[in-house]
$ cat structure_2.cif   # mmCIF, C-alpha atoms and all ligand atoms
data_model
#
loop_
_atom_site.label_atom_id
_atom_site.label_comp_id
_atom_site.auth_asym_id
_atom_site.auth_seq_id
_atom_site.Cartn_x
_atom_site.Cartn_y
_atom_site.Cartn_z
CA MET A 13 0.00 0.00 0.00
CA ASP A 14 1.28 3.44 -0.81
CA LYS A 15 1.67 6.01 1.91
CA ILE A 16 -1.65 7.83 2.33
CA HIS A 17 -1.63 11.46 3.34
CA THR A 18 -4.79 13.43 4.01
CA GLU A 19 -4.55 17.19 4.31
CA PRO A 20 -6.84 19.00 6.74
CA GLU A 21 -9.74 20.75 5.10
CA ASP A 22 -8.75 24.23 3.88
CA ASN A 23 -9.37 27.23 6.05
CA ILE A 24 -12.34 26.62 8.32
CA ALA A 25 -15.29 28.91 7.44
CA VAL A 26 -16.19 31.38 10.19
CA ASP A 27 -19.67 31.77 11.74
CA PRO A 28 -20.16 35.55 12.15
CA THR A 29 -23.10 35.15 14.57
CA THR A 30 -21.40 33.29 17.42
CA HIS A 31 -21.53 34.70 20.97
CA LEU A 32 -19.58 32.87 23.61
CA THR A 33 -22.01 33.05 26.54
CA THR A 34 -24.69 31.21 24.61
CA VAL A 35 -22.52 28.17 23.89
CA TYR A 36 -20.53 27.55 27.09
CA GLY A 37 -22.18 26.23 30.23
CA ASP A 38 -20.69 25.93 33.73
CA ASP A 39 -21.30 22.25 34.38
CA TRP A 40 -17.86 20.98 33.56
CA GLN A 41 -17.20 19.28 36.87
CA SER A 42 -17.36 15.58 37.63
CA GLU A 43 -16.90 13.34 40.66
CA THR A 44 -13.74 11.62 41.84
CA THR A 45 -13.01 8.55 43.93
CA SER A 46 -10.50 8.82 46.76
CA ILE A 47 -8.26 5.87 47.47
CA GLY A 48 -5.57 6.05 50.12
CA SER A 49 -2.51 4.29 48.69
CA SER A 50 0.67 6.28 48.15
CA LEU A 51 0.37 5.72 44.42
CA TYR A 52 -3.00 7.45 44.48
CA ARG A 53 -1.75 10.21 46.76
CA GLY A 54 1.00 11.07 44.26
CA LEU A 55 3.23 14.10 44.79
CA GLU A 56 1.71 17.50 45.53
CA GLU A 57 3.65 20.34 43.91
CA ASN A 58 2.63 23.89 42.95
CA GLY A 59 -0.97 23.14 43.77
CA ARG A 60 -1.18 20.09 41.50
CA ARG A 61 -0.79 16.31 41.98
CA TYR A 62 1.84 14.37 40.02
CA GLN A 63 2.47 10.63 39.57
CA THR A 64 5.14 8.90 41.68
CA LEU A 65 5.46 5.53 39.92
CA SER A 66 8.31 6.65 37.68
CA ARG A 67 11.30 8.35 39.24
CA LYS A 68 11.50 10.43 36.08
CA GLU A 69 8.90 13.18 36.43
CA TYR A 70 6.04 13.34 33.94
CA LEU A 71 5.24 16.92 33.04
CA VAL A 72 1.43 16.90 33.28
CA PRO A 73 -0.36 16.47 36.64
CA SER A 74 -2.46 13.38 37.35
CA ASP A 75 -5.33 15.03 39.20
CA GLN A 76 -9.03 15.56 38.85
CA LYS A 77 -8.65 18.79 36.92
CA GLN A 78 -6.41 17.13 34.37
CA PHE A 79 -8.65 14.06 34.09
CA GLU A 80 -11.47 16.43 33.13
CA THR A 81 -9.15 17.82 30.48
CA TYR A 82 -8.60 14.28 29.14
CA GLU A 83 -12.37 13.78 28.88
CA ALA A 84 -12.67 16.98 26.88
CA GLY A 85 -9.71 16.01 24.65
CA HIS A 86 -11.33 12.63 24.01
CA LEU A 87 -14.56 14.35 22.97
CA VAL A 88 -12.74 16.75 20.62
CA ALA A 89 -11.08 13.79 18.88
CA LEU A 90 -14.43 11.98 18.59
CA VAL A 91 -16.28 15.01 17.23
CA MET A 92 -13.55 15.69 14.67
CA ASP A 93 -14.00 12.13 13.36
CA SER A 94 -17.76 11.93 13.95
CA ASP A 95 -18.38 11.50 10.21
CA HIS A 96 -16.40 8.23 10.34
CA GLU A 97 -17.99 4.88 11.14
CA ASN A 98 -15.28 4.32 13.74
CA PRO A 99 -14.20 7.66 15.24
CA LEU A 100 -11.82 5.94 17.69
CA PHE A 101 -9.13 4.78 15.26
CA ARG A 102 -8.41 4.45 11.54
CA ALA A 103 -6.16 1.37 11.40
CA PRO A 104 -8.01 -1.32 9.41
CA VAL A 105 -7.97 -3.89 12.22
CA GLN A 106 -10.23 -6.92 11.66
CA ASN A 107 -11.64 -8.93 14.61
CA PRO A 108 -9.05 -7.77 17.13
CA LYS A 109 -8.27 -10.00 20.12
CA HIS A 110 -5.79 -7.81 21.96
CA ILE A 111 -5.60 -4.01 22.01
CA LEU A 112 -3.21 -1.90 24.07
CA ASP A 113 -3.66 1.80 24.91
CA LEU A 114 -0.39 3.33 26.14
CA GLY A 115 -0.67 6.33 28.49
CA THR A 116 -4.41 5.75 28.81
CA GLY A 117 -5.01 8.75 31.13
CA SER A 118 -8.55 8.43 32.41
CA GLY A 119 -9.06 5.29 30.29
CA ASN A 120 -11.76 6.88 28.11
CA TRP A 121 -10.42 5.60 24.78
CA ALA A 122 -9.75 2.08 26.12
CA ILE A 123 -13.26 1.87 27.61
CA ASP A 124 -14.96 3.05 24.40
CA VAL A 125 -12.91 0.61 22.30
CA ALA A 126 -13.76 -2.24 24.69
CA ASP A 127 -17.45 -1.38 24.24
CA MET A 128 -17.05 -1.32 20.48
CA PHE A 129 -15.20 -4.70 20.36
CA PRO A 130 -16.77 -6.82 23.13
CA THR A 131 -14.80 -9.93 22.07
CA ALA A 132 -11.43 -8.17 22.28
CA SER A 133 -9.44 -7.67 25.44
CA VAL A 134 -8.44 -4.02 25.78
CA ARG A 135 -5.67 -3.00 28.15
CA GLY A 136 -5.04 0.62 29.13
CA VAL A 137 -1.75 1.41 30.87
CA ASP A 138 -0.71 4.54 32.74
CA LEU A 139 1.73 5.79 35.39
CA PHE A 140 -1.21 6.90 37.53
CA PRO A 141 -4.26 4.74 38.37
CA PRO A 142 -7.10 5.84 36.06
CA PRO A 143 -9.98 7.34 38.09
CA VAL A 144 -12.53 4.78 36.96
CA SER A 145 -14.92 2.82 39.15
CA TRP A 146 -16.65 0.84 36.41
CA MET A 147 -15.41 -0.50 33.10
CA PRO A 148 -16.58 -3.12 30.60
CA PRO A 149 -15.53 -6.68 31.56
CA ASN A 150 -13.19 -6.90 28.56
CA CYS A 151 -11.25 -3.77 29.63
CA ILE A 152 -8.27 -3.83 32.00
CA LEU A 153 -6.72 -0.60 33.28
CA GLU A 154 -3.33 -1.02 34.88
CA VAL A 155 -0.49 1.00 36.32
CA ASP A 156 2.90 0.57 34.67
CA ASN A 157 5.76 2.54 33.20
CA ILE A 158 5.93 2.01 29.43
CA ALA A 159 9.43 3.54 29.30
CA GLU A 160 10.65 0.32 30.98
CA ASP A 161 10.71 -3.23 29.57
CA TRP A 162 7.21 -4.51 28.84
CA THR A 163 6.08 -7.83 30.27
CA TRP A 164 2.82 -8.48 28.39
CA ASN A 165 2.76 -11.81 26.59
CA GLU A 166 -0.13 -11.54 24.13
CA PRO A 167 0.76 -10.40 20.61
CA GLN A 168 -1.31 -7.25 20.08
CA ASP A 169 -3.57 -6.50 17.09
CA LEU A 170 -3.49 -2.75 17.76
CA ILE A 171 -1.32 -0.52 19.93
CA HIS A 172 -2.67 3.00 20.40
CA MET A 173 -1.27 6.23 21.84
CA ARG A 174 -2.88 9.66 22.08
CA ILE A 175 -1.52 13.01 23.29
CA MET A 176 1.73 11.56 24.60
CA ILE A 177 3.49 14.82 23.68
CA GLY A 178 6.42 15.53 26.00
CA SER A 179 6.33 12.14 27.71
CA PHE A 180 9.77 10.97 26.62
CA ASP A 181 13.23 11.99 25.43
CA ASP A 182 14.36 10.83 21.99
CA THR A 183 15.98 7.60 23.24
CA GLU A 184 12.89 6.65 25.24
CA TRP A 185 10.61 7.32 22.24
CA LYS A 186 12.79 5.03 20.10
CA ARG A 187 12.53 2.28 22.71
CA VAL A 188 8.74 2.73 23.04
CA TYR A 189 8.31 2.31 19.25
CA GLU A 190 10.65 -0.72 19.25
CA GLN A 191 8.58 -2.31 22.00
CA CYS A 192 5.37 -1.52 20.08
CA TYR A 193 6.85 -3.31 17.07
CA ASN A 194 7.97 -6.32 19.12
CA ASN A 195 4.62 -6.62 20.91
CA LEU A 196 2.45 -6.50 17.78
CA ARG A 197 1.57 -9.64 15.85
CA PRO A 198 2.76 -9.64 12.24
CA GLY A 199 0.13 -7.63 10.35
CA GLY A 200 -0.86 -5.78 13.56
CA TRP A 201 -1.23 -1.98 13.64
CA ILE A 202 0.16 0.95 15.59
CA GLU A 203 -1.79 4.23 15.72
CA GLN A 204 -0.94 7.55 17.36
CA LEU A 205 -2.87 10.83 17.51
CA GLU A 206 -0.98 13.95 18.62
CA ALA A 207 -1.71 17.68 18.80
CA SER A 208 0.67 20.60 18.39
CA PRO A 209 1.31 22.94 21.33
CA TYR A 210 1.03 26.01 19.07
CA ILE A 211 -2.11 28.17 18.79
CA GLU A 212 -2.50 28.99 15.10
CA CYS A 213 -4.69 31.29 13.02
CA ASP A 214 -5.10 31.42 9.22
CA ASP A 215 -6.41 35.00 8.98
CA ASP A 216 -5.56 38.27 10.74
CA SER A 217 -8.16 37.83 13.48
CA LEU A 218 -5.50 37.03 16.12
CA PRO A 219 -3.25 40.10 16.44
CA ALA A 220 0.46 39.49 15.91
CA ASP A 221 1.26 40.66 19.45
CA ASN A 222 -1.48 38.67 21.18
CA ILE A 223 -0.37 36.72 24.26
CA LEU A 224 -1.90 33.53 22.81
CA ARG A 225 0.91 33.57 20.26
CA THR A 226 3.50 33.32 23.07
CA TRP A 227 2.13 30.03 24.42
CA GLY A 228 3.48 27.57 21.81
CA PRO A 229 7.00 29.05 21.59
CA ALA A 230 7.27 29.37 25.41
CA LEU A 231 6.24 25.77 26.08
CA SER A 232 8.22 24.36 23.19
CA ALA A 233 11.37 26.08 24.48
CA CYS A 234 10.75 24.61 27.96
CA GLY A 235 10.29 21.15 26.41
CA LYS A 236 13.61 21.53 24.62
CA ARG A 237 15.39 22.59 27.83
CA ALA A 238 13.76 19.65 29.65
CA GLY A 239 15.05 17.25 26.96
CA ARG A 240 11.49 16.29 26.01
CA PRO A 241 10.70 17.81 22.64
CA LEU A 242 7.06 18.83 22.25
CA GLU A 243 7.13 18.35 18.47
CA THR A 244 5.83 14.76 18.77
CA ILE A 245 3.24 15.52 16.07
CA ASP A 246 6.02 16.01 13.51
CA MET A 247 8.23 13.06 14.42
CA MET A 248 5.78 10.13 14.44
CA GLN A 249 5.98 9.25 10.75
CA ASP A 250 9.77 8.98 10.67
CA ALA A 251 9.83 7.15 14.00
CA PHE A 252 7.32 4.56 12.73
CA LYS A 253 9.43 4.04 9.63
CA GLU A 254 12.63 3.70 11.59
CA ALA A 255 11.01 1.10 13.86
CA GLY A 256 10.20 -1.01 10.75
CA PHE A 257 6.51 -0.26 10.21
CA VAL A 258 5.05 -0.21 6.69
CA ASP A 259 1.87 1.11 5.04
CA ILE A 260 2.23 4.37 6.94
CA CYS A 261 -0.92 6.53 6.66
CA GLU A 262 -1.72 9.88 8.14
CA LYS A 263 -4.62 12.27 8.60
CA GLU A 264 -4.04 15.90 9.46
CA TYR A 265 -6.55 18.02 11.38
CA LYS A 266 -7.14 21.57 12.47
CA TRP A 267 -8.86 21.41 15.85
CA PRO A 268 -10.69 24.77 16.27
CA ILE A 269 -10.43 26.41 19.70
CA GLY A 270 -13.73 28.16 20.35
CA PRO A 271 -17.11 28.06 18.58
CA TRP A 272 -16.13 30.40 15.74
CA ALA A 273 -16.49 27.97 12.84
CA ARG A 274 -19.56 27.95 10.60
CA HIS A 275 -19.68 24.19 9.96
CA GLN A 276 -21.55 22.35 12.74
CA LYS A 277 -18.84 19.70 13.28
CA TYR A 278 -16.12 22.31 13.73
CA LYS A 279 -18.34 24.49 15.88
CA GLU A 280 -19.02 21.56 18.25
CA ALA A 281 -15.37 20.48 18.25
CA GLY A 282 -14.26 24.07 18.89
CA THR A 283 -16.74 24.49 21.75
CA VAL A 284 -15.45 21.37 23.50
CA ASN A 285 -11.86 22.24 22.64
CA TYR A 286 -12.32 25.61 24.34
CA GLN A 287 -13.18 23.70 27.55
CA HIS A 288 -10.22 21.39 26.88
CA TRP A 289 -7.88 24.39 26.82
CA MET A 290 -9.55 26.26 29.69
CA SER A 291 -9.23 23.27 32.02
CA GLY A 292 -5.92 22.02 30.58
CA MET A 293 -3.61 25.02 30.24
CA GLU A 294 -2.51 25.34 33.85
CA GLY A 295 -1.60 21.64 34.03
CA TRP A 296 0.20 21.70 30.67
CA ALA A 297 2.28 24.71 31.71
CA MET A 298 2.92 24.41 35.47
CA TRP A 299 5.74 21.85 35.55
CA LEU A 300 7.41 23.10 32.35
CA LEU A 301 7.48 26.77 33.38
CA CYS A 302 8.28 26.17 37.08
CA LYS A 303 11.22 23.92 36.15
CA TYR A 304 12.38 25.20 32.76
CA GLY A 305 10.81 28.66 32.32
CA ALA A 306 12.87 31.51 30.85
CA PRO A 307 14.82 33.55 31.71
CA ALA A 308 14.65 31.66 35.05
CA PRO A 309 12.22 29.05 36.41
CA TRP A 310 8.87 30.71 37.14
CA ALA A 311 7.01 30.83 40.47
CA GLN A 312 3.65 29.06 40.72
CA GLU A 313 1.91 32.46 41.00
CA GLU A 314 3.52 33.68 37.78
CA VAL A 315 2.18 30.65 35.93
CA ILE A 316 -1.29 31.22 37.39
CA VAL A 317 -1.28 34.87 36.26
CA TYR A 318 0.03 33.93 32.78
CA VAL A 319 -2.67 31.27 32.35
CA ALA A 320 -5.37 33.69 33.59
CA LYS A 321 -4.32 36.16 30.87
CA LEU A 322 -4.38 33.42 28.25
CA ARG A 323 -7.80 32.26 29.42
CA ALA A 324 -9.19 35.80 29.15
CA GLU A 325 -7.97 36.00 25.54
CA LEU A 326 -9.24 32.53 24.71
CA LYS A 327 -12.76 33.79 25.51
CA ASN A 328 -12.67 36.17 22.57
CA PRO A 329 -14.81 34.54 19.83
CA ARG A 330 -13.37 36.90 17.23
CA TYR A 331 -10.10 34.96 17.18
CA HIS A 332 -10.30 32.17 14.59
CA ILE A 333 -7.75 30.02 16.35
CA TYR A 334 -6.95 26.32 16.17
CA GLU A 335 -4.27 23.75 16.95
CA ARG A 336 -2.88 21.30 14.43
CA ALA A 337 -3.39 17.60 15.15
CA ARG A 338 -2.24 14.50 13.27
CA ARG A 339 -3.17 10.84 13.34
CA VAL A 340 -0.63 8.33 12.00
CA TRP A 341 -1.18 4.61 11.66
CA ALA A 342 1.04 1.85 10.25
CA ARG A 343 1.38 -1.92 10.00
CA LYS A 344 3.95 -4.38 11.25
CA PRO A 345 5.07 -6.35 8.18
CA PHE A 346 4.71 -10.14 7.87
CA PRO A 347 7.93 -12.25 8.01
CA GLU A 348 7.75 -12.94 4.23
CA GLU A 349 7.70 -9.20 3.54
CA ILE A 350 10.71 -8.64 5.76
CA GLU A 351 12.58 -11.51 4.06
CA ALA A 352 11.73 -10.19 0.59
CA LYS A 353 12.99 -6.74 1.59
CA GLU A 354 16.20 -8.22 3.00
CA ARG A 355 16.70 -10.27 -0.18
CA ALA A 356 16.18 -7.16 -2.31
CA LYS A 357 18.75 -5.29 -0.22
CA ARG A 358 21.32 -8.10 -0.58
CA ARG A 359 20.71 -8.60 -4.30
CA VAL A 360 23.94 -8.12 -6.24
CA PRO A 361 23.28 -6.36 -9.53
CA ILE A 362 23.85 -8.72 -12.48
CA LYS A 363 26.66 -7.56 -14.72
CA VAL A 364 25.73 -7.64 -18.37
CA GLU A 365 28.64 -8.66 -20.64
CA GLU A 366 29.03 -6.33 -23.62
C1 LIG A 401 -1.75 13.90 28.10
S1 LIG A 401 -2.21 12.40 28.80
C2 LIG A 401 -3.22 11.64 27.53
C3 LIG A 401 -4.12 10.58 28.10
C4 LIG A 401 -4.93 9.78 27.08
N1 LIG A 401 -4.07 9.09 26.15
C5 LIG A 401 -5.91 10.66 26.36
O1 LIG A 401 -5.70 10.93 25.17
O2 LIG A 401 -6.89 11.08 26.98
C6 LIG A 401 -0.73 11.40 28.72
C7 LIG A 401 -0.81 10.23 29.66
O3 LIG A 401 0.39 9.44 29.47
C8 LIG A 401 0.79 8.94 30.71
N2 LIG A 401 2.22 8.61 30.65
C9 LIG A 401 3.25 9.44 30.46
N3 LIG A 401 4.42 8.78 30.52
C10 LIG A 401 4.10 7.48 30.77
C11 LIG A 401 4.89 6.31 30.98
N4 LIG A 401 6.21 6.36 30.96
N5 LIG A 401 4.23 5.15 31.21
C12 LIG A 401 2.88 5.10 31.26
N6 LIG A 401 2.09 6.18 31.08
C13 LIG A 401 2.69 7.37 30.84
C14 LIG A 401 0.48 10.08 31.68
O4 LIG A 401 0.40 9.66 33.02
C15 LIG A 401 -0.83 10.62 31.13
O5 LIG A 401 -1.93 10.06 31.75
#
$ encode --input "structure_2.cif" --output "structure tokens" --more "lines below"
Ligand SMILES: C[S@@+](CC[C@H](N)C(=O)[O-])C[C@H]1O[C@@H](n2cnc3c(N)ncnc32)[C@H](O)[C@@H]1O
Amino acid sequence: MDKIHTEPEDNIAVDPTTHLTTVYGDDWQSETTSIGSSLYRGLEENGRRYQTLSRKEYLVPSDQKQFETYEAGHLVALVMDSDHENPLFRAPVQNPKHILDLGTGSGNWAIDVADMFPTASVRGVDLFPPPVSWMPPNCILEVDNIAEDWTWNEPQDLIHMRIMIGSFDDTEWKRVYEQCYNNLRPGGWIEQLEASPYIECDDDSLPADNILRTWGPALSACGKRAGRPLETIDMMQDAFKEAGFVDICEKEYKWPIGPWARHQKYKEAGTVNYQHWMSGMEGWAMWLLCKYGAPAPWAQEEVIVYVAKLRAELKNPRYHIYERARRVWARKPFPEEIEAKERAKRRVPIKVEE
């Protein structure tokens, strides 16, 4: 199969009649379960809770506020693919038996996939215990560090990752993809959906000096200083190829932020994505800026003030802003394909006598 590449739709048409107060409600809270183990207690820092399973810090908090952000992110991804029969993934997996979701967060994707494929066993893995009290019987949510050696035995039909931006340094990413390859059955699929940290705008509606334009560069620079590049969205394709995957396909998206788009799908996605950003920004920024902020690490209060200013600007429905997102999926080749490729590589060109 040739490499498939799908561009995002051209510039998203703007709805001139949108007013923010009519589309955003206040009921964005949900309940949590409290469990007393040290793993659940995590580490409290700068007003947020972080995982303690891995000695290497993970940059985003694992707390109720962030789990709400994951729910919103899940919804944005679903709405953006709502015109697809399966909005959860694109890999053409037939009758899957084993599916793995790496960095499952609140387990929302794993649970939905388990519902969709009741005969498959779906495993979601995360550093922090997902805050879930009920899940389908064919779904397992477990706590583990995927940067270490994996111990699962079943060959997987599909391994999925979403919004793992900033989780690893380059060496760890390479190892994660190698382990994905080794844990898939021949013909099995890997799929990853990532979003860019930059807030973008295709027209002049967002002024050049607007504070929203500082967000992407500021966080990206922190990621670089932390040794965890935030450009995951742009490295997946090459990383899949390097790990040995074939039939690499991709779909690019523009996820609107705010309800400014005319088309109903984009308006809904943008409305939920606004909530995603409003609840997510502090958690995305706190660790990065407090540890790696410029010109010196920031204080918690500085981050809170910065995020408050960003939030105030995000409320402006006149800004036609969005973030880029990209879904990439690819197949592990069968042994015969690998042999044929090796043979082709070794083939000595036949010399033709004149
Ligand atoms: C931004 S969240 C995305 C969650 C989920 N995939 C989603 O799309 O809603 C990234 C998740 O990856 C998890 N994570 C990061 N590094 C990990 C590691 N080394 N092992 C397991 N999980 C990890 C984090 O704890 C976090 O829950």
$ closest_atom_pairs --input "structure_2.cif" --of "chain A" --to "ligand LIG 401 (chain A)" --cutoff "8 Å" --atoms "all atoms listed in the file" --output "tab-separated table"
residue	atom	partner	partner_atom	distance
A:Gln63	CA	A:LIG401	O4	6.9
A:Ser66	CA	A:LIG401	N4	7.0
A:Tyr70	CA	A:LIG401	C9	5.9
A:Val72	CA	A:LIG401	C1	6.8
A:Pro73	CA	A:LIG401	O4	7.7
A:Ser74	CA	A:LIG401	O4	6.4
A:Phe79	CA	A:LIG401	O2	7.9
A:Thr81	CA	A:LIG401	O2	7.9
A:Tyr82	CA	A:LIG401	O2	4.2
A:Glu83	CA	A:LIG401	O2	6.4
A:Gly85	CA	A:LIG401	O2	6.1
A:His86	CA	A:LIG401	O2	5.6
A:Asp113	CA	A:LIG401	N1	7.4
A:Leu114	CA	A:LIG401	N6	6.2
A:Gly115	CA	A:LIG401	O3	3.4
A:Thr116	CA	A:LIG401	N1	4.3
A:Gly117	CA	A:LIG401	O5	3.4
A:Ser118	CA	A:LIG401	O2	6.3
A:Gly119	CA	A:LIG401	C4	6.9
A:Asn120	CA	A:LIG401	O2	6.5
A:Trp121	CA	A:LIG401	O2	6.9
A:Val137	CA	A:LIG401	C12	5.9
A:Asp138	CA	A:LIG401	N6	3.6
A:Leu139	CA	A:LIG401	C12	4.3
A:Phe140	CA	A:LIG401	O4	5.5
A:Pro142	CA	A:LIG401	O5	7.9
A:Val155	CA	A:LIG401	C12	7.3
A:Asp156	CA	A:LIG401	C12	5.7
A:Asn157	CA	A:LIG401	N5	3.6
A:Ile158	CA	A:LIG401	N5	4.0
A:Ala159	CA	A:LIG401	N4	4.6
A:Glu160	CA	A:LIG401	N4	7.5
A:Met173	CA	A:LIG401	N1	5.9
A:Arg174	CA	A:LIG401	N1	4.3
A:Ile175	CA	A:LIG401	C2	4.8
A:Met176	CA	A:LIG401	C6	4.8
A:Ile177	CA	A:LIG401	C1	6.9
A:Ser179	CA	A:LIG401	N3	4.8
A:Phe180	CA	A:LIG401	N3	7.0
$ closest_atom_pairs --input "structure_2.cif" --of "range 263-350 of chain A" --to "range 222-240 of chain A" --cutoff "7 Å" --atoms "only C-alpha atoms" --output "Markdown table"
| residue | atom | partner | partner_atom | distance |
| --- | --- | --- | --- | --- |
| A:Ala297 | CA | A:Leu231 | CA | 7.0 |
| A:Leu300 | CA | A:Cys234 | CA | 5.7 |
| A:Leu301 | CA | A:Cys234 | CA | 6.7 |
| A:Tyr304 | CA | A:Cys234 | CA | 5.1 |
| A:Gly305 | CA | A:Cys234 | CA | 6.0 |
| A:Leu322 | CA | A:Leu224 | CA | 6.0 |
$ residues_around --input "structure_2.cif" --residues "range 253-269 of chain A" --least-positions-apart "5" --cutoff "9 Å" --atoms "only C-alpha atoms" --output "PyMOL selection string"
chain A and resi 13-21+23-24+88-89+92+103+186+189-190+192-193+201-202+207+211+248+278-279+281-289+326+331-345
$ atom_distance --input "structure_2.cif" --atom1 "CA of Glu314 in chain A" --atom2 "CA of Gly59 in chain A"
12.9 Å
$ atom_distance --input "structure_2.cif" --atom1 "CA of Ala320 in chain A" --atom2 "CA of Trp296 in chain A"
13.5 Å
$ atom_distance --input "structure_2.cif" --atom1 "CA of Gly178 in chain A" --atom2 "CA of Gln78 in chain A"
15.4 Å
$ residues_around --input "structure_2.cif" --residues "Pro347 in chain A" --least-positions-apart "6" --cutoff "12 Å" --atoms "all atoms listed in the file" --output "JSON, numbers by chain"
{"A": [197, 198, 199, 256, 353, 354]}
$ residues_around --input "structure_2.cif" --residues "Asn195 in chain A" --least-positions-apart "4" --cutoff "7 Å" --atoms "all atoms listed in the file" --output "number ranges by chain"
A: 167-168, 191
$ residues_around --input "structure_2.cif" --residues "Ala126 in chain A" --least-positions-apart "4" --cutoff "10 Å" --atoms "all atoms listed in the file" --output "short mmCIF file (atom, residue, chain, number, x, y, z; two decimals) with C-alpha atoms, in the frame of the given file"
data_model
loop_
_atom_site.label_atom_id
_atom_site.label_comp_id
_atom_site.auth_asym_id
_atom_site.auth_seq_id
_atom_site.Cartn_x
_atom_site.Cartn_y
_atom_site.Cartn_z
CA ILE A 111 -5.60 -4.01 22.01
CA ASN A 120 -11.76 6.88 28.11
CA TRP A 121 -10.42 5.60 24.78
CA ALA A 122 -9.75 2.08 26.12
CA PRO A 130 -16.77 -6.82 23.13
CA THR A 131 -14.80 -9.93 22.07
CA ALA A 132 -11.43 -8.17 22.28
CA SER A 133 -9.44 -7.67 25.44
CA VAL A 134 -8.44 -4.02 25.78
CA ARG A 135 -5.67 -3.00 28.15
CA MET A 147 -15.41 -0.50 33.10
CA PRO A 148 -16.58 -3.12 30.60
CA PRO A 149 -15.53 -6.68 31.56
CA ASN A 150 -13.19 -6.90 28.56
CA CYS A 151 -11.25 -3.77 29.63
CA ILE A 152 -8.27 -3.83 32.00
#
$ decode --input "structure_2.cif" --residues "range 171-186 of chain A" --atoms "N, CA and C atoms" --output "JSON list (two decimals), in the first residue's frame"
[["chain", "number", "residue", "atom", "x", "y", "z"],
["A", 171, "ILE", "N", -1.88, -1.29, 18.81],
["A", 171, "ILE", "CA", -1.32, -0.52, 19.93],
["A", 171, "ILE", "C", -1.59, 0.95, 19.64],
["A", 172, "HIS", "N", -2.19, 1.63, 20.61],
["A", 172, "HIS", "CA", -2.67, 3.00, 20.40],
["A", 172, "HIS", "C", -2.03, 3.96, 21.41],
["A", 173, "MET", "N", -1.73, 5.16, 20.94],
["A", 173, "MET", "CA", -1.27, 6.23, 21.84],
["A", 173, "MET", "C", -1.97, 7.52, 21.43],
["A", 174, "ARG", "N", -2.27, 8.37, 22.41],
["A", 174, "ARG", "CA", -2.88, 9.66, 22.08],
["A", 174, "ARG", "C", -2.38, 10.72, 23.05],
["A", 175, "ILE", "N", -2.00, 11.84, 22.51],
["A", 175, "ILE", "CA", -1.52, 13.01, 23.29],
["A", 175, "ILE", "C", -0.45, 12.57, 24.30],
["A", 176, "MET", "N", 0.58, 11.96, 23.77],
["A", 176, "MET", "CA", 1.73, 11.56, 24.60],
["A", 176, "MET", "C", 2.86, 12.58, 24.46],
["A", 177, "ILE", "N", 2.55, 13.72, 23.87],
["A", 177, "ILE", "CA", 3.49, 14.82, 23.68],
["A", 177, "ILE", "C", 4.26, 15.10, 24.98],
["A", 178, "GLY", "N", 5.59, 15.16, 24.85],
["A", 178, "GLY", "CA", 6.42, 15.53, 26.00],
["A", 178, "GLY", "C", 6.65, 14.42, 27.01],
["A", 179, "SER", "N", 6.18, 13.21, 26.71],
["A", 179, "SER", "CA", 6.33, 12.14, 27.71],
["A", 179, "SER", "C", 7.75, 11.60, 27.78],
["A", 180, "PHE", "N", 8.49, 11.67, 26.67],
["A", 180, "PHE", "CA", 9.77, 10.97, 26.62],
["A", 180, "PHE", "C", 10.86, 11.82, 25.96],
["A", 181, "ASP", "N", 12.13, 11.43, 26.23],
["A", 181, "ASP", "CA", 13.23, 11.99, 25.43],
["A", 181, "ASP", "C", 13.37, 11.12, 24.17],
["A", 182, "ASP", "N", 14.27, 11.51, 23.29],
["A", 182, "ASP", "CA", 14.36, 10.83, 21.99],
["A", 182, "ASP", "C", 14.67, 9.34, 22.13],
["A", 183, "THR", "N", 15.59, 9.01, 23.06],
["A", 183, "THR", "CA", 15.98, 7.60, 23.24],
["A", 183, "THR", "C", 14.80, 6.78, 23.76],
["A", 184, "GLU", "N", 14.05, 7.38, 24.69],
["A", 184, "GLU", "CA", 12.89, 6.65, 25.24],
["A", 184, "GLU", "C", 11.81, 6.44, 24.16],
["A", 185, "TRP", "N", 11.60, 7.47, 23.34],
["A", 185, "TRP", "CA", 10.61, 7.32, 22.24],
["A", 185, "TRP", "C", 11.01, 6.16, 21.35],
["A", 186, "LYS", "N", 12.31, 6.09, 21.00],
["A", 186, "LYS", "CA", 12.79, 5.03, 20.10],
["A", 186, "LYS", "C", 12.49, 3.67, 20.71]]
